[in-house]
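What follows is the content of input25.cif (mmCIF, C-alpha atoms).
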```cif
data_entry
loop_
_atom_site.label_atom_id
_atom_site.label_comp_id
_atom_site.auth_asym_id
_atom_site.auth_seq_id
_atom_site.Cartn_x
_atom_site.Cartn_y
_atom_site.Cartn_z
CA MET A 36 0.00 0.00 0.00
CA ALA A 37 1.25 3.48 -0.85
CA GLU A 38 1.96 6.15 1.74
CA LEU A 39 -1.21 7.34 3.49
CA LEU A 40 -2.07 10.99 3.15
CA GLY A 41 -2.87 13.44 5.93
CA VAL A 42 -6.24 15.21 5.98
CA PHE A 43 -4.77 18.46 4.65
CA GLU A 44 -2.95 16.65 1.84
CA GLN A 45 -6.19 14.86 0.92
CA ALA A 46 -8.06 18.17 0.88
CA VAL A 47 -5.47 19.69 -1.45
CA LEU A 48 -5.37 16.69 -3.79
CA LEU A 49 -9.16 16.40 -3.93
CA THR A 50 -9.41 20.10 -4.70
CA VAL A 51 -6.91 19.72 -7.53
CA TRP A 52 -8.95 16.77 -8.84
CA ARG A 53 -12.26 18.68 -8.55
CA LEU A 54 -10.91 21.78 -10.29
CA GLY A 55 -9.53 19.76 -13.19
CA GLU A 56 -7.99 22.05 -15.77
CA GLU A 57 -8.69 25.14 -13.62
CA ALA A 58 -6.47 23.99 -10.74
CA TYR A 59 -4.03 26.87 -10.21
CA GLY A 60 -2.78 28.32 -6.91
CA ARG A 61 -5.53 30.80 -6.06
CA ALA A 62 -8.36 28.45 -7.08
CA ILE A 63 -6.82 25.65 -5.01
CA LEU A 64 -6.46 27.93 -1.98
CA ARG A 65 -10.13 28.90 -2.20
CA GLY A 66 -11.18 25.31 -2.84
CA VAL A 67 -9.30 23.99 0.19
CA GLN A 68 -10.81 26.74 2.38
CA SER A 69 -14.24 25.75 1.15
CA ALA A 70 -13.59 22.02 1.64
CA LEU A 71 -12.30 22.44 5.19
CA ASN A 72 -14.66 25.31 5.98
CA ARG A 73 -11.99 27.51 7.52
CA GLN A 74 -9.50 30.20 6.62
CA ILE A 75 -6.21 28.78 5.37
CA VAL A 76 -3.05 30.81 4.87
CA ALA A 77 -1.49 30.61 1.44
CA GLY A 78 1.81 29.33 2.85
CA ALA A 79 0.16 26.13 4.11
CA VAL A 80 -1.32 25.34 0.70
CA TYR A 81 1.81 26.15 -1.34
CA ALA A 82 4.02 24.15 1.05
CA THR A 83 1.67 21.17 0.66
CA LEU A 84 1.55 21.52 -3.12
CA ASP A 85 5.33 21.62 -3.15
CA ARG A 86 5.57 18.49 -1.00
CA LEU A 87 2.98 16.62 -3.10
CA GLU A 88 4.86 17.54 -6.27
CA GLN A 89 8.09 16.23 -4.80
CA LYS A 90 6.28 12.96 -4.03
CA ASN A 91 5.13 12.89 -7.65
CA PHE A 92 1.42 12.96 -6.69
CA ILE A 93 0.90 16.08 -8.82
CA HIS A 94 2.78 17.83 -11.57
CA SER A 95 2.63 21.45 -12.63
CA HIS A 96 3.15 23.69 -15.58
CA VAL A 97 2.93 27.45 -16.06
CA GLU A 98 0.68 29.38 -18.41
CA GLU A 99 0.18 33.03 -19.28
CA GLY A 100 -1.43 35.25 -16.63
CA THR A 101 -4.49 37.46 -16.90
CA PRO A 102 -4.65 41.28 -16.64
CA GLY A 103 -6.23 40.94 -13.17
CA ARG A 104 -2.91 39.57 -11.92
CA ALA A 105 -0.81 42.05 -13.88
CA GLY A 106 -0.03 39.39 -16.46
CA ARG A 107 1.91 37.26 -13.99
CA LEU A 108 2.18 33.58 -14.85
CA ARG A 109 -0.20 31.01 -13.41
CA ARG A 110 1.02 27.62 -12.23
CA TYR A 111 -1.50 24.87 -12.96
CA TYR A 112 -1.48 21.54 -11.15
CA ARG A 113 -2.70 18.12 -12.35
CA LEU A 114 -3.00 14.89 -10.45
CA THR A 115 -0.70 12.06 -11.52
CA ALA A 116 -1.59 8.36 -11.48
CA ALA A 117 0.40 8.09 -8.22
CA GLY A 118 -1.70 10.91 -6.74
CA ILE A 119 -4.96 9.19 -7.67
CA LYS A 120 -3.66 5.93 -6.17
CA ALA A 121 -2.61 7.70 -2.96
CA LEU A 122 -6.10 9.24 -2.61
CA ASN A 123 -7.80 5.91 -3.28
CA ASP A 124 -5.52 4.12 -0.82
CA SER A 125 -6.20 6.75 1.85
CA LYS A 126 -9.95 6.41 1.37
CA ALA A 127 -9.71 2.61 1.47
CA ALA A 128 -7.61 2.74 4.65
CA LEU A 129 -10.16 4.99 6.30
CA LYS A 130 -13.02 2.67 5.33
CA GLN A 131 -11.05 -0.31 6.63
CA MET A 132 -10.34 1.47 9.91
CA TRP A 133 -14.04 2.28 10.42
CA ARG A 134 -15.29 -1.17 9.44
CA GLY A 135 -17.70 -2.51 12.06
CA ALA A 136 -18.03 0.82 13.84
CA LYS A 137 -21.51 2.33 13.78
CA TRP A 138 -21.34 6.05 13.06
CA PRO A 139 -21.75 8.31 14.97
CA LEU A 140 -19.86 6.57 17.74
CA GLU A 141 -21.35 6.30 21.18
CA LEU A 142 -19.72 5.61 24.53
CA LYS A 143 -19.60 1.92 25.38
CA GLY A 144 -21.01 0.56 28.61
CA MET B 145 -9.44 52.86 -13.59
CA ILE B 146 -6.37 52.23 -11.43
CA GLU B 147 -6.46 48.71 -9.98
CA LYS B 148 -5.99 48.39 -6.23
CA SER B 149 -2.70 46.80 -5.24
CA PRO B 150 -1.05 45.76 -1.99
CA PRO B 151 1.68 48.08 -0.64
CA ARG B 152 4.78 47.90 -2.82
CA TRP B 153 7.12 47.43 0.15
CA LEU B 154 5.08 44.42 1.23
CA GLU B 155 5.15 42.95 -2.23
CA ARG B 156 8.92 43.43 -2.33
CA ILE B 157 9.25 41.49 0.94
CA LEU B 158 7.10 38.70 -0.50
CA LEU B 159 9.18 38.53 -3.67
CA HIS B 160 12.37 38.48 -1.61
CA PHE B 161 11.29 35.35 0.25
CA LEU B 162 9.85 33.41 -2.67
CA ARG B 163 11.97 31.04 -4.71
CA ALA B 164 12.66 32.17 -8.29
CA ARG B 165 10.34 29.38 -9.52
CA ASP B 166 7.39 30.71 -7.51
CA ARG B 167 8.03 34.44 -7.63
CA GLU B 168 5.68 35.27 -10.44
CA THR B 169 3.06 32.59 -9.94
CA ILE B 170 2.46 32.95 -6.19
CA SER B 171 2.67 36.75 -6.16
CA GLY B 172 0.24 36.70 -9.10
CA ASP B 173 -2.20 34.44 -7.21
CA LEU B 174 -2.12 36.73 -4.19
CA LEU B 175 -2.49 39.86 -6.31
CA GLU B 176 -5.49 38.33 -8.10
CA GLU B 177 -7.13 37.34 -4.80
CA TYR B 178 -6.36 40.77 -3.32
CA ARG B 179 -7.92 42.64 -6.24
CA GLU B 180 -10.89 40.41 -6.97
CA GLU B 181 -11.94 39.28 -3.50
CA GLN B 182 -10.16 40.77 -0.49
CA ALA B 183 -9.99 44.50 -1.30
CA PRO B 184 -13.59 44.77 -2.60
CA ARG B 185 -14.93 42.72 0.35
CA LEU B 186 -12.79 43.98 3.23
CA GLY B 187 -11.55 47.40 2.12
CA VAL B 188 -7.94 48.32 1.45
CA LEU B 189 -6.71 48.41 5.07
CA ARG B 190 -7.98 44.96 6.04
CA ALA B 191 -6.98 43.58 2.64
CA ASN B 192 -3.44 44.81 3.33
CA PHE B 193 -3.48 42.92 6.64
CA TRP B 194 -4.69 39.87 4.77
CA TYR B 195 -1.80 40.28 2.31
CA LEU B 196 0.67 40.70 5.19
CA ARG B 197 -0.61 37.49 6.78
CA GLN B 198 -0.17 35.56 3.53
CA THR B 199 3.31 37.03 3.08
CA LEU B 200 4.35 35.98 6.58
CA SER B 201 2.98 32.49 6.01
CA LEU B 202 5.21 32.14 2.96
CA MET B 203 8.45 32.92 4.77
CA PRO B 204 10.36 29.66 4.52
CA PHE B 205 11.76 29.40 8.04
CA TRP B 206 8.24 29.04 9.50
CA ASP B 207 7.79 25.79 7.63
CA ARG B 208 10.72 24.41 9.56
CA MET B 209 9.25 25.34 12.94
CA GLY B 210 8.36 22.14 14.70
CA LEU B 211 7.48 20.96 18.15
CA PRO B 212 10.81 21.92 19.85
CA LEU B 213 10.38 25.56 18.88
CA LYS B 214 6.81 25.56 20.14
CA ARG B 215 8.02 24.04 23.42
CA PHE B 216 10.53 26.86 23.59
CA LEU B 217 7.66 29.32 23.17
CA MET B 218 5.77 27.66 26.00
CA GLY B 219 8.86 27.75 28.25
CA ILE B 220 9.57 31.39 27.55
CA THR B 221 5.90 32.25 28.14
CA VAL B 222 5.86 30.52 31.53
CA PHE B 223 9.07 32.39 32.43
CA LEU B 224 7.51 35.74 31.46
CA VAL B 225 4.32 35.04 33.42
CA ALA B 226 6.44 34.24 36.50
CA ALA B 227 8.60 37.34 35.91
CA GLY B 228 5.48 39.50 35.51
CA VAL B 229 3.96 38.22 38.76
CA TRP B 230 7.28 38.74 40.56
CA LEU B 231 7.63 42.26 39.14
CA ALA B 232 4.07 43.22 40.15
CA VAL B 233 4.52 41.89 43.68
CA MET B 234 7.90 43.57 44.19
CA GLU B 235 6.71 46.90 42.79
CA ASN B 236 3.78 46.90 45.20
CA ILE B 237 6.02 46.06 48.16
CA LEU B 238 8.76 48.61 47.36
CA LYS B 239 6.45 51.32 45.95
CA HIS B 240 9.18 53.27 44.14
CA ALA B 241 8.17 56.27 42.01
CA GLY B 242 6.15 55.18 38.96
CA TYR B 243 5.24 51.80 40.41
CA PRO B 244 1.55 51.87 39.30
CA GLU B 245 2.61 52.12 35.63
CA ARG B 246 5.13 49.30 36.02
CA THR B 247 2.49 47.19 37.77
CA MET B 248 0.18 47.72 34.80
CA ILE B 249 2.95 46.63 32.41
CA ALA B 250 3.60 43.54 34.56
CA ALA B 251 -0.14 42.74 34.55
CA ALA B 252 -0.22 43.07 30.75
CA ILE B 253 2.72 40.65 30.45
CA VAL B 254 0.97 38.13 32.72
CA ILE B 255 -2.38 38.41 30.91
CA GLN B 256 -0.73 38.06 27.51
CA GLY B 257 1.27 35.06 28.73
CA VAL B 258 -1.76 33.29 30.17
CA ALA B 259 -3.72 34.01 26.98
CA THR B 260 -0.91 32.47 24.90
CA LEU B 261 -0.88 29.37 27.11
CA LEU B 262 -4.66 29.06 26.66
CA LEU B 263 -4.40 29.24 22.86
CA PRO B 264 -4.66 25.46 22.34
CA LEU B 265 -7.90 25.46 24.35
CA LEU B 266 -9.53 28.65 23.07
CA GLY B 267 -7.72 29.28 19.79
CA ARG B 268 -10.58 28.04 17.65
CA ARG B 269 -12.81 30.92 18.72
CA PRO B 270 -12.14 33.52 16.03
CA ILE B 271 -11.83 36.54 18.34
CA PHE B 272 -9.35 34.97 20.74
CA PRO B 273 -6.39 34.59 18.34
CA ALA B 274 -6.95 38.20 17.22
CA ILE B 275 -6.72 39.42 20.83
CA VAL B 276 -3.61 37.32 21.49
CA ALA B 277 -2.01 38.55 18.24
CA THR B 278 -2.61 42.15 19.28
CA GLY B 279 -1.13 41.45 22.71
CA ALA B 280 1.84 39.62 21.17
CA THR B 281 2.57 42.57 18.92
CA GLY B 282 2.41 44.90 21.93
CA LEU B 283 4.70 42.59 23.88
CA ALA B 284 7.28 42.47 21.10
CA LEU B 285 7.23 46.28 20.84
CA LEU B 286 7.53 46.60 24.63
CA GLY B 287 10.53 44.25 24.58
CA ALA B 288 12.16 46.17 21.74
CA PHE B 289 11.61 49.43 23.67
CA ALA B 290 13.14 47.92 26.84
CA ILE B 291 16.18 46.69 24.88
CA GLN B 292 16.65 50.13 23.31
CA ARG B 293 16.38 51.82 26.72
CA ILE B 294 18.88 49.50 28.38
CA LEU B 295 21.40 49.88 25.56
CA GLU B 296 21.22 53.67 25.92
CA ALA B 297 21.24 53.70 29.73
CA PRO B 298 24.45 54.67 31.61
CA HIS B 299 24.25 51.52 33.75
CA PHE B 300 23.86 48.20 31.99
CA GLU B 301 21.23 45.93 33.57
CA GLY B 302 21.52 42.43 32.22
CA PHE B 303 18.22 41.10 33.59
CA VAL B 304 16.24 43.90 31.87
CA LEU B 305 17.98 43.07 28.59
CA PHE B 306 17.16 39.38 29.15
CA ILE B 307 13.49 40.10 29.83
CA GLY B 308 13.37 42.45 26.84
CA LEU B 309 14.75 39.73 24.58
CA ALA B 310 12.29 37.22 26.06
CA LEU B 311 9.40 39.62 25.39
CA VAL B 312 10.44 40.08 21.77
CA ALA B 313 10.90 36.32 21.29
CA GLN B 314 7.58 35.51 22.96
CA GLY B 315 5.68 38.13 20.95
CA LEU B 316 7.15 37.11 17.61
CA LEU B 317 6.84 33.36 18.21
CA THR B 318 3.23 33.74 19.31
CA LEU B 319 2.51 35.52 16.05
CA VAL B 320 4.24 32.67 14.21
CA VAL B 321 2.01 30.08 15.91
CA LEU B 322 -1.09 32.12 15.14
CA LEU B 323 -0.08 32.34 11.52
CA ARG B 324 0.28 28.57 11.35
CA PRO B 325 -3.13 27.61 12.77
CA HIS B 326 -2.93 23.94 11.76
CA HIS B 327 -0.03 23.61 14.25
CA LEU B 328 -2.06 25.04 17.11
CA GLY B 329 -2.75 21.72 18.79
CA MET B 330 0.98 21.05 19.02
CA LEU B 331 1.76 24.09 21.19
#
```
Take the structure in the file and write it out as structure tokens.
Amino acid sequence: MAELLGVFEQAVLLTVWRLGEEAYGRAILRGVQSALNRQIVAGAVYATLDRLEQKNFIHSHVEEGTPGRAGRLRRYYRLTAAGIKALNDSKAALKQMWRGAKWPLELKG
Amino acid sequence: MIEKSPPRWLERILLHFLRARDRETISGDLLEEYREEQAPRLGVLRANFWYLRQTLSLMPFWDRMGLPLKRFLMGITVFLVAAGVWLAVMENILKHAGYPERTMIAAAIVIQGVATLLLPLLGRRPIFPAIVATGATGLALLGAFAIQRILEAPHFEGFVLFIGLALVAQGLLTLVVLLRPHHLGML
């Protein structure tokens, strides 16, 4: 089984997957905030993207920027096959861990 | 129409800390968010604070801050709370000229310290981190002021310099922890 992902890494990867071809830095930041329902600083998201790229779970390329960002380049991210596998493995591990437990949990005894 | 932009000095700081690979892309993302969402929604002043917060979060040394540094913050905070209590008690026993003001400063140090120690418990309430951040900034400025005073004074007092340095360290580190909220539970 591949390395299991942390919750924040899963949120970032799922956001990249959901955004598809529109997955660039700002959109990912907003998507992760929406997924986790809290304010996230940009540094946390870019550090995670960097780490996930080093693990080969995503790859990136740059494209031309828009006038709204003074023409500065945009970096777009795409999931790799390894990234998809890591997400699937994490989901499977979670399901396995919860097997037999009735949700929501209640105190025993 | 002239587009709103974050302060140029702040943008220069951001660019200084970013790797060459990310300089254009990340600064572009933040500029886009600033112009299209933050400035129209919050106004320029609060949008500038938002931009400052993002800039600070992108400074690379904060990524390397782990549990030992947070333990250091806790240790230094406990020391400052103890020093503040001691200072307040001694001032009220000795009652030298200006003791009420120094007692107030000591009380502020103690309150700020206790608030920092309570961050893991109360940090998820939105207003609490804002109060602690304000106090931490005040503490860092107070420490810097004390250091400046002691360096200019005719008689060097080592313990004042030590407390001044501790105040600056505590204030800045508290701000670091607040800017890395997903590390809050590790404090």
Quick check on the file I pasted: which residues fall under the PyMOL selection byres ((chain B) within 7 of (chain A))? Write them as a PyMOL selection string. chain B and resi 168-169+172-173+175-177+198+201-202
Care to translate the PyMOL selection byres ((chain B and resi 282) around 10) into actual residues of this file, as a VMD selection string? chain B and resid 252 to 253 256 276 to 281 283 to 288 311 to 312 315
What does the PyMOL selection byres ((chain A and resi 117) around 10) select in this file, as a VMD selection string? chain A and resid 37 90 to 93 114 to 116 118 to 123
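Across B:Gly308, B:Pro298, B:Arg165, B:Lys148, the tightest approach to Ser95 of chain A is made by B:Arg165 when counting all atoms listed in the file.
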Counting only C-alpha atoms, what is within 9 Å of Gln314 of chain B, bar same-chain residues fewer than 5 positions away, as a PyMOL selection string? chain B and resi 217-218+220-221+224+257+280+283-284+309+319
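The shell of residues at most 10 Å from segment 186-190 of chain B, with only C-alpha atoms counted and near chain neighbours (fewer than 6 positions) removed, consists of Lys148, Ser149, Pro150, Pro151, Tyr178, Arg179 and Leu196 of chain B.
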Among the residues A:Glu141, A:Ser125, A:Arg113, A:Ala136, the one that comes closest to Leu87 of chain A [using all atoms listed in the file]: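 The shortest atom-to-atom distance to Leu87 of chain A comes from A:Arg113.
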Rounded to one decimal, what separation in Å do you get between atom CA of Ala191 of chain B and atom CA of Arg152 of chain B?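 Rounded to one decimal, the two atoms are 13.7 Å apart.
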Could you tell me which of B:Glu296, B:Thr199, B:Asn236, B:Phe223 comes closest to Arg167 of chain B if we count only C-alpha atoms?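 Ranking B:Glu296, B:Thr199, B:Asn236, B:Phe223 by distance to Arg167 of chain B, first place goes to B:Thr199.
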